[in-house]
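*Asks:* You'll find final.cif just under this line, and it carries mmCIF, C-alpha atoms.
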```cif
data_query
loop_
_atom_site.group_PDB
_atom_site.id
_atom_site.type_symbol
_atom_site.label_atom_id
_atom_site.label_comp_id
_atom_site.auth_asym_id
_atom_site.auth_seq_id
_atom_site.Cartn_x
_atom_site.Cartn_y
_atom_site.Cartn_z
ATOM 1 C CA MET A 26 -18.362 -19.377 5.984
ATOM 2 C CA LEU A 27 -15.530 -17.073 4.876
ATOM 3 C CA GLN A 28 -16.288 -13.341 5.019
ATOM 4 C CA LEU A 29 -14.271 -10.146 4.932
ATOM 5 C CA ALA A 30 -14.619 -7.990 8.026
ATOM 6 C CA ASN A 31 -16.475 -4.685 7.930
ATOM 7 C CA CYS A 32 -16.469 -1.772 10.373
ATOM 8 C CA GLU A 33 -19.144 -3.387 12.535
ATOM 9 C CA ASP A 34 -16.963 -6.488 13.014
ATOM 10 C CA MET A 35 -13.881 -4.629 14.221
ATOM 11 C CA PRO A 36 -14.642 -4.428 17.977
ATOM 12 C CA GLU A 37 -14.932 -8.226 18.118
ATOM 13 C CA VAL A 38 -11.913 -8.665 15.824
ATOM 14 C CA ILE A 39 -9.881 -6.582 18.268
ATOM 15 C CA ALA A 40 -11.213 -8.562 21.242
ATOM 16 C CA ILE A 41 -10.239 -11.909 19.650
ATOM 17 C CA TRP A 42 -6.798 -10.522 18.768
ATOM 18 C CA ARG A 43 -6.295 -9.364 22.366
ATOM 19 C CA GLU A 44 -7.297 -12.682 23.956
ATOM 20 C CA ASN A 45 -4.956 -14.621 21.639
ATOM 21 C CA PHE A 46 -1.884 -12.393 21.471
ATOM 22 C CA GLY A 47 -2.072 -10.076 24.478
ATOM 23 C CA ASP A 48 -1.620 -6.793 22.577
ATOM 24 C CA THR A 49 -3.389 -3.717 23.885
ATOM 25 C CA GLU A 50 -6.353 -2.246 22.069
ATOM 26 C CA GLU A 51 -4.243 0.806 21.253
ATOM 27 C CA GLU A 52 -1.537 -1.361 19.630
ATOM 28 C CA ILE A 53 -4.091 -3.273 17.564
ATOM 29 C CA ARG A 54 -5.853 -0.116 16.407
ATOM 30 C CA ASP A 55 -2.453 1.342 15.506
ATOM 31 C CA PHE A 56 -1.807 -1.733 13.341
ATOM 32 C CA PHE A 57 -5.059 -1.334 11.422
ATOM 33 C CA SER A 58 -4.574 2.426 11.173
ATOM 34 C CA THR A 59 -1.109 1.892 9.694
ATOM 35 C CA PHE A 60 -2.140 -0.667 7.092
ATOM 36 C CA GLY A 61 -5.556 0.714 6.263
ATOM 37 C CA LYS A 62 -7.109 -0.902 3.203
ATOM 38 C CA GLU A 63 -3.924 -2.897 2.507
ATOM 39 C CA ALA A 64 -4.992 -5.301 5.266
ATOM 40 C CA ARG A 65 -7.868 -7.668 4.562
ATOM 41 C CA VAL A 66 -9.368 -9.238 7.673
ATOM 42 C CA CYS A 67 -10.759 -12.680 6.853
ATOM 43 C CA LEU A 68 -13.370 -14.079 9.213
ATOM 44 C CA TRP A 69 -14.828 -17.529 9.686
ATOM 45 C CA LYS A 70 -18.459 -17.095 10.692
ATOM 46 C CA GLU A 71 -21.175 -19.552 11.590
ATOM 47 C CA GLU A 72 -24.714 -18.429 12.446
ATOM 48 C CA GLY A 73 -23.507 -14.834 12.379
ATOM 49 C CA ARG A 74 -20.826 -15.424 15.023
ATOM 50 C CA ILE A 75 -17.135 -14.721 14.425
ATOM 51 C CA MET A 76 -15.275 -17.899 15.342
ATOM 52 C CA GLY A 77 -11.849 -17.298 13.801
ATOM 53 C CA GLN A 78 -9.882 -14.690 11.872
ATOM 54 C CA LEU A 79 -6.656 -13.839 10.102
ATOM 55 C CA VAL A 80 -5.206 -10.820 8.337
ATOM 56 C CA LEU A 81 -3.923 -10.792 4.754
ATOM 57 C CA LEU A 82 -1.094 -8.376 3.937
ATOM 58 C CA PRO A 83 0.076 -7.988 0.315
ATOM 59 C CA VAL A 84 3.669 -8.916 -0.533
ATOM 60 C CA CYS A 85 5.465 -9.925 -3.733
ATOM 61 C CA LEU A 86 7.407 -13.130 -4.318
ATOM 62 C CA HIS A 87 10.442 -12.842 -6.603
ATOM 63 C CA PHE A 88 12.165 -15.884 -8.075
ATOM 64 C CA LEU A 89 14.259 -17.090 -11.006
ATOM 65 C CA GLU A 90 12.872 -19.474 -13.589
ATOM 66 C CA LYS A 91 15.163 -20.681 -16.367
ATOM 67 C CA GLU A 92 17.538 -17.825 -15.526
ATOM 68 C CA LYS A 93 14.793 -15.232 -15.954
ATOM 69 C CA SER A 94 13.515 -13.044 -13.146
ATOM 70 C CA LYS A 95 9.840 -13.494 -12.402
ATOM 71 C CA SER A 96 7.460 -12.381 -9.689
ATOM 72 C CA ILE A 97 3.994 -13.213 -8.479
ATOM 73 C CA PRO A 98 1.712 -11.414 -6.021
ATOM 74 C CA ALA A 99 1.341 -13.068 -2.640
ATOM 75 C CA GLU A 100 -0.374 -12.527 0.696
ATOM 76 C CA TYR A 101 1.282 -12.765 4.079
ATOM 77 C CA LEU A 102 -1.068 -14.473 6.556
ATOM 78 C CA TYR A 103 -0.806 -12.715 9.902
ATOM 79 C CA ALA A 104 -2.477 -12.917 13.334
ATOM 80 C CA VAL A 105 -4.230 -16.227 12.692
ATOM 81 C CA ALA A 106 -6.541 -16.724 15.673
ATOM 82 C CA THR A 107 -9.569 -18.666 16.881
ATOM 83 C CA LYS A 108 -11.906 -17.264 19.508
ATOM 84 C CA LYS A 109 -11.050 -19.235 22.626
ATOM 85 C CA CYS A 110 -14.553 -20.553 23.242
ATOM 86 C CA PHE A 111 -14.512 -22.097 19.745
ATOM 87 C CA GLN A 112 -11.029 -23.647 19.823
ATOM 88 C CA ASN A 113 -10.481 -27.346 19.005
ATOM 89 C CA ARG A 114 -13.541 -27.368 16.740
ATOM 90 C CA GLY A 115 -11.784 -27.176 13.356
ATOM 91 C CA VAL A 116 -12.358 -23.437 12.948
ATOM 92 C CA CYS A 117 -8.777 -22.616 11.943
ATOM 93 C CA THR A 118 -8.686 -25.558 9.523
ATOM 94 C CA SER A 119 -11.854 -24.304 7.810
ATOM 95 C CA LEU A 120 -10.579 -20.717 7.704
ATOM 96 C CA LEU A 121 -7.175 -21.622 6.277
ATOM 97 C CA GLY A 122 -8.744 -23.872 3.657
ATOM 98 C CA ALA A 123 -11.163 -21.171 2.526
ATOM 99 C CA VAL A 124 -8.442 -18.496 2.415
ATOM 100 C CA SER A 125 -6.148 -20.828 0.460
ATOM 101 C CA ARG A 126 -8.862 -21.395 -2.140
ATOM 102 C CA LEU A 127 -9.483 -17.637 -2.315
ATOM 103 C CA LEU A 128 -5.813 -16.927 -2.992
ATOM 104 C CA GLN A 129 -5.585 -19.661 -5.607
ATOM 105 C CA LYS A 130 -8.552 -18.092 -7.355
ATOM 106 C CA GLU A 131 -6.812 -14.701 -7.234
ATOM 107 C CA GLY A 132 -3.604 -16.228 -8.607
ATOM 108 C CA LYS A 133 -1.604 -15.429 -5.492
ATOM 109 C CA ALA A 134 0.900 -17.294 -3.379
ATOM 110 C CA ALA A 135 0.468 -17.657 0.387
ATOM 111 C CA VAL A 136 3.217 -16.958 2.910
ATOM 112 C CA LEU A 137 2.950 -17.328 6.664
ATOM 113 C CA VAL A 138 5.382 -17.594 9.554
ATOM 114 C CA PRO A 139 4.143 -19.661 12.524
ATOM 115 C CA ALA A 140 4.292 -17.710 15.771
ATOM 116 C CA ASP A 141 5.959 -20.739 17.348
ATOM 117 C CA ALA A 142 8.115 -23.401 15.705
ATOM 118 C CA THR A 143 5.935 -26.083 17.260
ATOM 119 C CA LEU A 144 3.043 -24.863 15.088
ATOM 120 C CA ALA A 145 4.814 -25.900 11.872
ATOM 121 C CA SER A 146 3.293 -29.385 11.959
ATOM 122 C CA PHE A 147 -0.163 -27.850 12.515
ATOM 123 C CA TYR A 148 0.097 -25.935 9.238
ATOM 124 C CA GLU A 149 1.695 -28.858 7.405
ATOM 125 C CA ASP A 150 -1.279 -31.025 8.394
ATOM 126 C CA ARG A 151 -3.500 -28.434 6.727
ATOM 127 C CA GLY A 152 -1.781 -28.445 3.358
ATOM 128 C CA PHE A 153 1.080 -26.019 3.869
ATOM 129 C CA GLN A 154 4.611 -27.064 2.998
ATOM 130 C CA GLY A 155 7.892 -25.861 4.413
ATOM 131 C CA CYS A 156 8.766 -22.692 2.553
ATOM 132 C CA PHE A 157 11.334 -20.535 4.340
ATOM 133 C CA ALA A 158 13.172 -22.299 7.121
ATOM 134 C CA GLU A 159 14.552 -20.202 9.950
ATOM 135 C CA GLU A 160 17.587 -20.456 12.153
ATOM 136 C CA CYS A 161 19.250 -18.276 14.760
ATOM 137 C CA VAL A 162 23.028 -17.970 14.446
ATOM 138 C CA ARG A 163 25.135 -17.041 17.465
ATOM 139 C CA VAL A 164 27.861 -14.555 16.528
ATOM 140 C CA GLU A 165 30.784 -13.600 18.744
ATOM 141 C CA ALA A 166 32.776 -10.383 18.481
ATOM 142 C CA ALA A 167 36.173 -10.776 16.828
ATOM 143 C CA GLY A 168 39.360 -8.765 17.187
ATOM 144 C CA ARG A 169 40.370 -6.100 19.665
ATOM 145 C CA HIS A 170 39.699 -2.770 18.009
ATOM 146 C CA LYS A 171 35.940 -2.663 18.425
ATOM 147 C CA GLY A 172 34.247 0.565 17.485
ATOM 148 C CA THR A 173 37.023 1.763 15.158
ATOM 149 C CA ALA A 174 36.405 3.031 11.631
ATOM 150 C CA ALA A 175 38.363 0.073 10.265
ATOM 151 C CA TYR A 176 35.383 -2.137 11.004
ATOM 152 C CA GLY A 177 32.744 0.155 9.536
ATOM 153 C CA ARG A 178 30.237 2.825 10.455
ATOM 154 C CA LEU A 179 26.530 3.083 11.118
ATOM 155 C CA LEU A 180 24.091 5.583 9.657
ATOM 156 C CA GLU A 181 20.496 5.823 10.875
ATOM 157 C CA LEU A 182 17.961 4.938 8.186
ATOM 158 C CA ASP A 183 14.270 5.477 7.655
ATOM 159 C CA ALA A 184 12.063 2.815 6.073
ATOM 160 C CA SER A 185 12.629 4.114 2.526
ATOM 161 C CA GLY A 186 16.409 3.941 2.917
ATOM 162 C CA TYR A 187 16.141 0.455 4.351
ATOM 163 C CA GLU A 188 13.882 -0.584 1.488
ATOM 164 C CA ARG A 189 16.479 0.590 -1.036
ATOM 165 C CA LEU A 190 19.255 -1.497 0.552
ATOM 166 C CA ARG A 191 16.967 -4.523 0.822
ATOM 167 C CA LYS A 192 15.976 -4.374 -2.853
ATOM 168 C CA ASN A 193 19.579 -3.888 -3.966
ATOM 169 C CA ALA A 194 20.725 -6.848 -1.883
ATOM 170 C CA PHE A 195 18.126 -9.331 -3.108
ATOM 171 C CA ARG A 196 17.651 -8.243 -6.701
ATOM 172 C CA ASP A 197 17.844 -11.267 -9.030
ATOM 173 C CA PHE A 198 17.371 -13.511 -6.017
ATOM 174 C CA ALA A 199 14.471 -15.527 -4.640
ATOM 175 C CA TYR A 200 12.923 -13.461 -1.859
ATOM 176 C CA VAL A 201 9.732 -11.951 -0.543
ATOM 177 C CA GLU A 202 9.519 -8.216 -1.191
ATOM 178 C CA LEU A 203 7.653 -6.373 1.535
ATOM 179 C CA PRO A 204 5.692 -3.184 0.789
ATOM 180 C CA ARG A 205 6.817 0.111 2.303
ATOM 181 C CA THR A 206 3.946 0.044 4.817
ATOM 182 C CA MET A 207 5.054 -3.327 6.172
ATOM 183 C CA LEU A 208 8.695 -2.253 6.366
ATOM 184 C CA SER A 209 7.749 0.982 8.122
ATOM 185 C CA TYR A 210 5.658 -0.915 10.644
ATOM 186 C CA ALA A 211 8.422 -3.451 11.344
ATOM 187 C CA VAL A 212 10.940 -0.636 11.795
ATOM 188 C CA SER A 213 8.541 1.201 14.111
ATOM 189 C CA LEU A 214 8.009 -1.896 16.266
ATOM 190 C CA CYS A 215 11.758 -2.411 16.571
ATOM 191 C CA GLN A 216 12.377 1.223 17.511
ATOM 192 C CA LYS A 217 9.614 1.168 20.140
ATOM 193 C CA GLU A 218 11.540 -1.643 21.827
ATOM 194 C CA GLY A 219 14.735 0.390 21.868
ATOM 195 C CA GLY A 220 16.079 -0.955 18.589
ATOM 196 C CA ALA A 221 17.554 0.743 15.553
ATOM 197 C CA CYS A 222 17.273 0.729 11.787
ATOM 198 C CA ALA A 223 20.641 1.518 10.251
ATOM 199 C CA GLY A 224 22.879 1.294 7.253
ATOM 200 C CA LEU A 225 26.150 -0.501 7.966
ATOM 201 C CA SER A 226 29.054 0.515 5.729
ATOM 202 C CA CYS A 227 32.093 -1.755 5.906
ATOM 203 C CA PRO A 228 34.808 -3.121 3.592
ATOM 204 C CA GLU A 229 32.514 -5.920 2.399
ATOM 205 C CA GLY A 230 29.751 -3.542 1.307
ATOM 206 C CA GLU A 231 26.707 -1.677 2.593
ATOM 207 C CA TYR A 232 23.957 -3.468 4.497
ATOM 208 C CA GLY A 233 20.637 -2.593 6.009
ATOM 209 C CA VAL A 234 20.388 -3.756 9.625
ATOM 210 C CA LEU A 235 17.458 -3.918 12.010
ATOM 211 C CA TYR A 236 18.606 -4.774 15.534
ATOM 212 C CA ARG A 237 17.892 -4.373 19.237
ATOM 213 C CA PRO A 238 20.443 -4.145 22.088
ATOM 214 C CA LEU A 239 20.055 -6.656 24.914
ATOM 215 C CA CYS A 240 21.656 -6.959 28.368
ATOM 216 C CA GLY A 241 22.557 -3.289 28.583
ATOM 217 C CA GLY A 242 24.069 -3.250 25.099
ATOM 218 C CA GLN A 243 26.398 -6.203 25.636
ATOM 219 C CA GLU A 244 24.358 -8.329 23.232
ATOM 220 C CA LEU A 245 22.360 -7.662 20.076
ATOM 221 C CA TYR A 246 19.312 -9.287 18.561
ATOM 222 C CA ILE A 247 19.607 -8.837 14.791
ATOM 223 C CA GLN A 248 16.158 -9.159 13.277
ATOM 224 C CA GLU A 249 17.488 -8.789 9.743
ATOM 225 C CA ILE A 250 20.668 -7.986 7.907
ATOM 226 C CA THR A 251 20.501 -7.607 4.127
ATOM 227 C CA ALA A 252 23.147 -10.160 3.185
ATOM 228 C CA LYS A 253 22.424 -13.013 0.770
ATOM 229 C CA SER A 254 24.518 -15.827 2.198
ATOM 230 C CA ASN A 255 24.887 -17.004 5.759
ATOM 231 C CA ALA A 256 28.645 -16.449 5.673
ATOM 232 C CA GLU A 257 28.228 -12.878 4.418
ATOM 233 C CA ALA A 258 25.596 -12.192 7.097
ATOM 234 C CA VAL A 259 27.874 -13.476 9.866
ATOM 235 C CA THR A 260 30.756 -11.289 8.640
ATOM 236 C CA ALA A 261 28.492 -8.236 8.555
ATOM 237 C CA ALA A 262 27.152 -9.086 12.025
ATOM 238 C CA LYS A 263 30.717 -9.139 13.372
ATOM 239 C CA ARG A 264 31.270 -5.699 11.843
ATOM 240 C CA LEU A 265 28.122 -4.510 13.621
ATOM 241 C CA LEU A 266 29.395 -5.887 16.924
ATOM 242 C CA ALA A 267 32.679 -4.058 16.429
ATOM 243 C CA VAL A 268 30.942 -0.745 15.696
ATOM 244 C CA THR A 269 28.505 -0.971 18.614
ATOM 245 C CA GLY A 270 30.943 -2.496 21.091
ATOM 246 C CA ALA A 271 28.611 -5.402 21.849
ATOM 247 C CA LYS A 272 30.177 -8.784 22.617
ATOM 248 C CA LYS A 273 27.783 -11.156 20.889
ATOM 249 C CA ALA A 274 24.649 -11.289 18.800
ATOM 250 C CA MET A 275 21.788 -13.554 17.888
ATOM 251 C CA LEU A 276 21.353 -13.277 14.133
ATOM 252 C CA ARG A 277 18.087 -14.448 12.672
ATOM 253 C CA ARG A 278 18.334 -15.954 9.207
ATOM 254 C CA SER A 279 15.636 -17.361 6.948
ATOM 255 C CA TYR A 280 16.329 -19.316 3.821
ATOM 256 C CA ALA A 281 15.137 -22.038 1.406
ATOM 257 C CA GLY A 282 12.315 -21.521 -1.015
ATOM 258 C CA LYS A 283 9.720 -24.104 -1.822
ATOM 259 C CA GLY A 284 6.202 -24.169 -0.567
ATOM 260 C CA MET A 285 2.527 -23.674 -0.934
ATOM 261 C CA PHE A 286 1.279 -22.376 -4.307
ATOM 262 C CA LEU A 287 4.774 -21.473 -5.445
ATOM 263 C CA PRO A 288 5.445 -21.788 -9.180
ATOM 264 C CA GLU A 289 7.270 -24.659 -10.794
ATOM 265 C CA GLY A 290 11.010 -24.165 -10.812
ATOM 266 C CA MET A 291 11.089 -22.251 -7.531
ATOM 267 C CA PRO A 292 14.745 -22.481 -6.438
ATOM 268 C CA GLU A 293 15.898 -24.105 -3.229
ATOM 269 C CA ASN A 294 17.415 -20.893 -1.904
ATOM 270 C CA GLY A 295 15.321 -17.885 -1.024
ATOM 271 C CA TYR A 296 14.943 -15.218 1.605
ATOM 272 C CA PHE A 297 12.115 -14.083 3.861
ATOM 273 C CA ASN A 298 13.223 -12.698 7.161
ATOM 274 C CA LEU A 299 11.790 -9.345 8.172
ATOM 275 C CA VAL A 300 8.423 -10.430 9.542
ATOM 276 C CA LEU A 301 6.129 -8.677 11.988
ATOM 277 C CA GLU A 302 6.915 -9.938 15.471
#
```
Could you take the file, read its structure, and then write that structure out as structure tokens?
*Replies:*
Amino acid sequence: MLQLANCEDMPEVIAIWRENFGDTEEEIRDFFSTFGKEARVCLWKEEGRIMGQLVLLPVCLHFLEKEKSKSIPAEYLYAVATKKCFQNRGVCTSLLGAVSRLLQKEGKAAVLVPADATLASFYEDRGFQGCFAEECVRVEAAGRHKGTAAYGRLLELDASGYERLRKNAFRDFAYVELPRTMLSYAVSLCQKEGGACAGLSCPEGEYGVLYRPLCGGQELYIQEITAKSNAEAVTAAKRLLAVTGAKKAMLRRSYAGKGMFLPEGMPENGYFNLVLE
């Protein structure tokens, strides 16, 4: 049976999270402290025992329909987990089905990003459809004069500044808008791992960038760059390489927009990239 977690459930919720994902209790409590009431913890219980769980985080899905901008509320499904002693008993299937019916009743879309690409078929078998495909693009530094002003400059941003650039970039475009809390948390996670949240100003425009240096700064992992097209994102990534002096980058891009509970007329191109990792 589907239930929402209460305070008494949280110690076991944390324990199940830890055994599935390996986070520390402090990290998990920090997550729930950050999101507060924005996060709904959905439990699958039988005979009073918690067998599976997931977290719902509110987002907003923007799209164009007949050349008019529209939006619908949605929930991002996060930390989907089954208690290990109850795995392979259909617990996750029951939980996902019940949550899907709940969201349909509430008039909301559902968005989730499988923790592993191999899990895509698992969710497809349970009624989900491909929504935002993901690819990683390898980008090599170009030109000799790396780090010069001709390529651009970086300015450190907080979550509100990043949010502004993100909204400006994807306005009148199919994308998933993340609330400030979710953006702040994603930025915080990146920074804790030695990454940066920055505004990149270059001849092509101004972009928000969330990235982490790898291999002593010789490589970058770009979690998101607020560019609409793949070509524009690659150009901006090369500017970032020039400014930082790194030689190459792995740029994560998400695109395509059709999927579970999405409205009729949802376009083929969309954007949902900055997810909690």
*Asks:* With a distance cut-off of 7 Å and only C-alpha atoms, select the neighbouring residues of Val136 in chain A, excluding the residue or stretch itself and same-chain residues fewer than 4 positions from it, and output the selection as a PyMOL selection string.
*Replies:* chain A and resi 100-102
*Asks:* Smallest atom-to-atom distance to Arg74 in chain A: which of A:Phe111, A:Tyr200, A:Tyr232, A:Phe57, using only C-alpha atoms?
*Replies:*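 Among the listed residues, the smallest separation from Arg74 in chain A belongs to A:Phe111.
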*Asks:* Find the spatial neighbours of Tyr176 in chain A, counting all atoms listed in the file, within a cut-off of 9 Å - ignore same-chain residues fewer than 6 positions away - and output them as a list in words.
*Replies:*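 Everything that qualifies: His170, Ser226, Cys227, Pro228, Lys263, Arg264, Leu265, Ala267 and Val268 of chain A.
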*Asks:* Go ahead and write the selection's residues with C-alpha atoms as an mmCIF file, keeping the file's coordinate frame.
*Replies:*
```cif
data_model
loop_
_atom_site.group_PDB
_atom_site.id
_atom_site.type_symbol
_atom_site.label_atom_id
_atom_site.label_comp_id
_atom_site.auth_asym_id
_atom_site.auth_seq_id
_atom_site.Cartn_x
_atom_site.Cartn_y
_atom_site.Cartn_z
ATOM 1 C CA HIS A 170 39.699 -2.770 18.009
ATOM 2 C CA SER A 226 29.054 0.515 5.729
ATOM 3 C CA CYS A 227 32.093 -1.755 5.906
ATOM 4 C CA PRO A 228 34.808 -3.121 3.592
ATOM 5 C CA LYS A 263 30.717 -9.139 13.372
ATOM 6 C CA ARG A 264 31.270 -5.699 11.843
ATOM 7 C CA LEU A 265 28.122 -4.510 13.621
ATOM 8 C CA ALA A 267 32.679 -4.058 16.429
ATOM 9 C CA VAL A 268 30.942 -0.745 15.696
#
```
*Asks:* Ranking A:Cys67, A:Leu266, A:Met76, A:Leu179 by minimum distance to Val116 in chain A and counting all atoms listed in the file, which one comes first?
*Replies:*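 For Val116 in chain A, the nearest of the given residues is A:Met76.
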*Asks:* Quick one: apply the PyMOL selection byres ((chain A and resi 234) around 8) to the file and drop the selected residues here as a list of chain:residue names.
*Replies:*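 What the PyMOL selection byres ((chain A and resi 234) around 8) grabs from the file is A:Tyr187, A:Ala221, A:Cys222, A:Ala223, A:Gly224, A:Leu225, A:Tyr232, A:Gly233, A:Leu235, A:Tyr236, A:Ile247, A:Gln248, A:Glu249, A:Ile250, A:Thr251.
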*Asks:* Kindly save the residues from that selection, with C-alpha atoms included, as a tab-separated table (two decimals), keeping the file's coordinate frame.
*Replies:*
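And here is the file that came out, out-v8.tsv:
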```tsv
chain	number	residue	atom	x	y	z
A	187	TYR	CA	16.14	0.46	4.35
A	221	ALA	CA	17.55	0.74	15.55
A	222	CYS	CA	17.27	0.73	11.79
A	223	ALA	CA	20.64	1.52	10.25
A	224	GLY	CA	22.88	1.29	7.25
A	225	LEU	CA	26.15	-0.50	7.97
A	232	TYR	CA	23.96	-3.47	4.50
A	233	GLY	CA	20.64	-2.59	6.01
A	235	LEU	CA	17.46	-3.92	12.01
A	236	TYR	CA	18.61	-4.77	15.53
A	247	ILE	CA	19.61	-8.84	14.79
A	248	GLN	CA	16.16	-9.16	13.28
A	249	GLU	CA	17.49	-8.79	9.74
A	250	ILE	CA	20.67	-7.99	7.91
A	251	THR	CA	20.50	-7.61	4.13
```
*Asks:* Set the distance at 7 Å and use all atoms listed in the file: which residues neighbour range 103-110 of chain A once local chain neighbours fewer than 5 positions away are removed? I'd like the list as a ChimeraX atom specification.
*Replies:* /A:41-42,45,76-81,116-117,137
*Asks:* Mind writing the picked residues with C-alpha atoms as an mmCIF file, in the coordinates of the input?
*Replies:*
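Result saved to part_28.cif:
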```
data_model
loop_
_atom_site.group_PDB
_atom_site.id
_atom_site.type_symbol
_atom_site.label_atom_id
_atom_site.label_comp_id
_atom_site.auth_asym_id
_atom_site.auth_seq_id
_atom_site.Cartn_x
_atom_site.Cartn_y
_atom_site.Cartn_z
ATOM 1 C CA ILE A 41 -10.239 -11.909 19.650
ATOM 2 C CA TRP A 42 -6.798 -10.522 18.768
ATOM 3 C CA ASN A 45 -4.956 -14.621 21.639
ATOM 4 C CA MET A 76 -15.275 -17.899 15.342
ATOM 5 C CA GLY A 77 -11.849 -17.298 13.801
ATOM 6 C CA GLN A 78 -9.882 -14.690 11.872
ATOM 7 C CA LEU A 79 -6.656 -13.839 10.102
ATOM 8 C CA VAL A 80 -5.206 -10.820 8.337
ATOM 9 C CA LEU A 81 -3.923 -10.792 4.754
ATOM 10 C CA VAL A 116 -12.358 -23.437 12.948
ATOM 11 C CA CYS A 117 -8.777 -22.616 11.943
ATOM 12 C CA LEU A 137 2.950 -17.328 6.664
#
```
*Asks:* May I ask for the distance between CA of Ala184 in chain A and CA of Ile53 in chain A, given in Å to one decimal place?
*Replies:*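 One can read the CA of Ala184 in chain A to CA of Ile53 in chain A distance as 20.7 Å.
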*Asks:* Residue by residue, what does the PyMOL selection byres ((chain A and resi 88) around 7) grab here? Present the result as a list of chain:residue names.
*Replies:* A:Leu86, A:His87, A:Leu89, A:Glu90, A:Ser94, A:Lys95, A:Ser96, A:Phe198, A:Ala199, A:Tyr200, A:Met291
*Asks:* Give me, please, the distance in Å between CA of Arg191 in chain A and CA of Arg278 in chain A, quoted to one decimal.
*Replies:*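 CA of Arg278 in chain A lies 14.2 Å from CA of Arg191 in chain A.
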*Asks:* Which polymer residues, protein or nucleic acid, are no farther than 8 Å from (24.3, -14.0, 13.3), counting only C-alpha atoms, as a list in words?
*Replies:*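 Those residues lying close to the given coordinates are Cys161, Val162, Arg163, Val164, Ile247, Ala258, Val259, Ala262, Ala274, Met275, Leu276, Arg277 and Arg278 of chain A.
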*Asks:* Mind dumping the selected residues with C-alpha atoms as a PDB file, in the frame of the given file?
*Replies:*
```
ATOM      1  CA  CYS A 161      19.250 -18.276  14.760  1.00  0.00           C
ATOM      2  CA  VAL A 162      23.028 -17.970  14.446  1.00  0.00           C
ATOM      3  CA  ARG A 163      25.135 -17.041  17.465  1.00  0.00           C
ATOM      4  CA  VAL A 164      27.861 -14.555  16.528  1.00  0.00           C
ATOM      5  CA  ILE A 247      19.607  -8.837  14.791  1.00  0.00           C
ATOM      6  CA  ALA A 258      25.596 -12.192   7.097  1.00  0.00           C
ATOM      7  CA  VAL A 259      27.874 -13.476   9.866  1.00  0.00           C
ATOM      8  CA  ALA A 262      27.152  -9.086  12.025  1.00  0.00           C
ATOM      9  CA  ALA A 274      24.649 -11.289  18.800  1.00  0.00           C
ATOM     10  CA  MET A 275      21.788 -13.554  17.888  1.00  0.00           C
ATOM     11  CA  LEU A 276      21.353 -13.277  14.133  1.00  0.00           C
ATOM     12  CA  ARG A 277      18.087 -14.448  12.672  1.00  0.00           C
ATOM     13  CA  ARG A 278      18.334 -15.954   9.207  1.00  0.00           C
TER      14      ARG A 278
END
```
*Asks:* With distances taken over only C-alpha atoms, which residue among A:Ser254, A:Thr269, A:Gln216, A:Gly122 lies nearest Tyr148 in chain A?
*Replies:*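 Going through A:Ser254, A:Thr269, A:Gln216, A:Gly122 one by one, the smallest distance to Tyr148 in chain A is for A:Gly122.
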*Asks:* Decode the PyMOL selection byres ((chain A and resi 241) around 12) for the given file into explicit residues and return them as number ranges by chain.
*Replies:* A: 219, 237-240, 242-245, 269-272
*Asks:* Would you mind telling me which residue in A:Lys130, A:Arg205, A:Arg178, A:Lys70 lies nearest to Asp34 in chain A when using all atoms listed in the file?
*Replies:*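 Result for the nearest residue to Asp34 in chain A: A:Lys70.
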*Asks:* When you count only C-alpha atoms, which of these residues is closest to Leu68 in chain A: A:Gln28, A:Thr206, A:Ser185, A:Ser213?
*Replies:*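 Between A:Gln28, A:Thr206, A:Ser185, A:Ser213, the residue approaching Leu68 in chain A most closely is A:Gln28.
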*Asks:* Pick the closest to Glu202 in chain A from A:Leu190, A:Leu182, A:Cys32, A:Ala123: which is it, counting all atoms listed in the file?
*Replies:*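 Using all atoms listed in the file, the shortest distance to Glu202 in chain A belongs to A:Leu190.
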*Asks:* Provide the CA of Arg114 in chain A to CA of Lys133 in chain A distance in Å, to one decimal place.
*Replies:*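 Taking CA of Arg114 in chain A as the start and CA of Lys133 in chain A as the end point, the length is 27.9 Å.
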*Asks:* Any idea what's packed within 10 Å of Leu128 in chain A, counting only C-alpha atoms, ignoring anything in its chain fewer than 4 positions away? Could you give it as an NGL selection string?
*Replies:* :A and (98-100 or 123-124 or 132-135 or 286)
